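Student: Encoded as structure tokens, here's the structure I'll be asking about.
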Amino acid sequence: MSTHVTIIGAGLGGLTLARVLHVHGIASTVYEAEASAGARAQGGMLDIHDYNGQLAVKAADLMDEFRGIVLEGRQAMRFIDRDGTVLLDKADDGTGGRPEVQRGELRRILLDALPEGTVRWGHKVTGTRTLADGRHEVTFTNGTSVTTGLLVGADGAWSRVRPLLSDAVPEYAGEAFVETYLYDVETRHPAIAKMVGGGSFAVFERDWEAQSITAHRESGETVHTYAALTRPLEWFDGIDFTDAAAATARIVAEYAGWAPEYTALLTDADTPPVLRPHFTLPPGHRWERVPGVTLVGDAAHLSVPNGEGANLAMLDGAELGEALAAHPGDVEAGLAAYERVLFPRIVEESADAARKPTAQEVVEFFNR
């Protein structure tokens with residue numbers, strides 16, 4: 001295939017696509033808004049599943065590198081009800097199909113596997129348009145632009161490529177995470193270290209759709225916490241997150257009656273609380289085939305966090321790369337083949353994400 005692939009976004013989906021294309025001898029360039037690979041922290045821990053994310057890693061021919069970044073023991077799980085009833089206490093025996101890795105480390109092995117210069121940092125997109133000859137132009141805030149015959153939007157929730165294909169825009173899903181970190185937990189927060197254990201810890205309301213607190217033991221002695229609240233976006237707008245103490249107090253007040261050892265994940269945090277509202281694209285989002293452009297990851301199927309987002313973005317990237325490689329000289333056939341598989345998966349995943357499982361169903365899922 002002689003067509004050069006232009007990818008917008010150096011997240012996991014875009015980088016997986018670039019790597020799979022490289023494996024098949026297809027050149028690509030990835031344009032990324034961030035100034036460098038280390039410009040910001042890359043988020044927390046990810047469980048990479050054997051039925052989607054790991055398939056993408058295999059397609060990228062990076063399984064050895066992947067095994068090298070797996071955090072041993074982190075598949076352990078401890079779930080409790082807010083009254084202290086243990087719902088699940090499962091050790092990591094090394095046989096689970098959802099090994100945990102740090103997002104930043106996974107991104108690093110993808111970046112390291114690409115030819116030098118593949119990623120162009122500091123290229124924030126200002127707009128995209130289709131030209132008279134059917135190609136697409138992308139303009140950047142640094143004053144440059146690129147014209148391409150094959151454009152892939154891997155640029156997340158607020159994709160600048162998506163408008164070439166769809167009028168859909170993300171909508172608030174009615175819930176948000178409030179995120180905090182604790183560091184050096186074995187020495188500085190020993191009670192929390194013991195409570196959380198070596199993997200994932202969660203405490204639920206009986207109606208866990210309303211609220212929960214989830215914590216993950218990340219690399220070293222770091223605990224990453226998400227307090228989940230189902231509230232209107234306006235409710236969160238009333239909290240001044242620039243005042244860490246006041247914001248923490250306001251969030252913790254929503255957990256009135258919870259034991260202090262649970263809310264200590266918030267009150268004892270070493271970082272200010274950060275609001276992470278959840279947005280979604282319309283269920284079953286799809287588009288009509290437009291020559292020379294498609295989407296992967298959140299740009300295509302943004303949904304509420306359910307443990308699948310990173311896995312699906314990587315699978316999208318891998319499947320798109322393989323579809324293009326399978327149709328040398330016929331870009332449209334490759335894009336059509338990719339979307340024939342993608343669209344039914346979006347419908348299925350949208351339905352799964354929209355249905356909130358009960359705490360008991362979550363326990364049964366992870367106890368299989």
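Naming works like this for the structure tokens: A, B, ... for the chains as they're shown, residue 1 at the start of each chain, ligands 1 onward in shown order.
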If we count only C-alpha atoms, what is near Ser212 of chain A at a cut-off of 7 Å, once residues fewer than 3 positions away on the same chain are taken out, given as a list of chain:residue names?
Tutor: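 Residues near the query, excluding close chain neighbours: A:Val203, A:Phe204, A:Glu205, A:Trp208, A:Ala227, A:Ala228.
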Student: Could you take the residues named above and write them with N, CA and C atoms, as an mmCIF file, in the first residue's frame?
Tutor:
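Contents of part_1.cif, as written:
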```
data_model
loop_
_atom_site.group_PDB
_atom_site.id
_atom_site.type_symbol
_atom_site.label_atom_id
_atom_site.label_comp_id
_atom_site.auth_asym_id
_atom_site.auth_seq_id
_atom_site.Cartn_x
_atom_site.Cartn_y
_atom_site.Cartn_z
ATOM 1 N N VAL A 203 -15.462 -0.070 47.693
ATOM 2 C CA VAL A 203 -16.540 -0.090 48.687
ATOM 3 C C VAL A 203 -17.768 0.518 48.028
ATOM 4 N N PHE A 204 -18.901 -0.207 48.132
ATOM 5 C CA PHE A 204 -20.116 0.148 47.414
ATOM 6 C C PHE A 204 -21.245 0.508 48.356
ATOM 7 N N GLU A 205 -22.114 1.379 47.881
ATOM 8 C CA GLU A 205 -23.447 1.485 48.443
ATOM 9 C C GLU A 205 -24.227 0.247 48.022
ATOM 10 N N TRP A 208 -25.193 0.807 44.183
ATOM 11 C CA TRP A 208 -23.871 1.349 43.879
ATOM 12 C C TRP A 208 -23.884 2.281 42.689
ATOM 13 N N ALA A 227 -13.551 8.395 43.510
ATOM 14 C CA ALA A 227 -14.853 8.483 44.172
ATOM 15 C C ALA A 227 -15.894 8.747 43.095
ATOM 16 N N ALA A 228 -16.850 7.845 42.947
ATOM 17 C CA ALA A 228 -17.852 7.944 41.887
ATOM 18 C C ALA A 228 -19.160 8.489 42.443
#
```
Student: Name all residues at most 12 Å from segment 60-64 of chain A (count only C-alpha atoms; drop same-chain ones fewer than 5 positions away) and give them as an MDAnalysis selection string.
Tutor: chainID A and resid 12:13 15:24 48 50 53:55 69:70 106:114 314:315 317:322
Student: Using only C-alpha atoms, which of the listed residues (A:Val57, A:Ala300, A:Leu151, A:Val252) sits closest to Val347 of chain A?
Tutor: A:Ala300
Student: To one decimal place in Å, what is the distance between atom CA of Ala202 of chain A and atom CA of Leu312 of chain A?
Tutor: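 Rounded to one decimal, the two atoms are 23.7 Å apart.
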Student: What parts of segment 157-343 of chain A does DSSP call helix (DSSP H, G or I)? I'd like the answer as an MDAnalysis selection string.
Tutor: chainID A and resid 162:164 185:188 190:196 233:237 244:253 260:267 298:301 309:326 331:343
Student: So which one's closest to Val274 of chain A, A:Ala132, A:Val185, A:Val290, A:Val178? Using only C-alpha atoms, please.
Tutor: A:Val178
Student: Can you measure atom CA of Val30 of chain A to atom CA of Trp287 of chain A for me? One decimal in Å is fine.
Tutor: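 Separation between atom CA of Val30 of chain A and atom CA of Trp287 of chain A: 23.1 Å.
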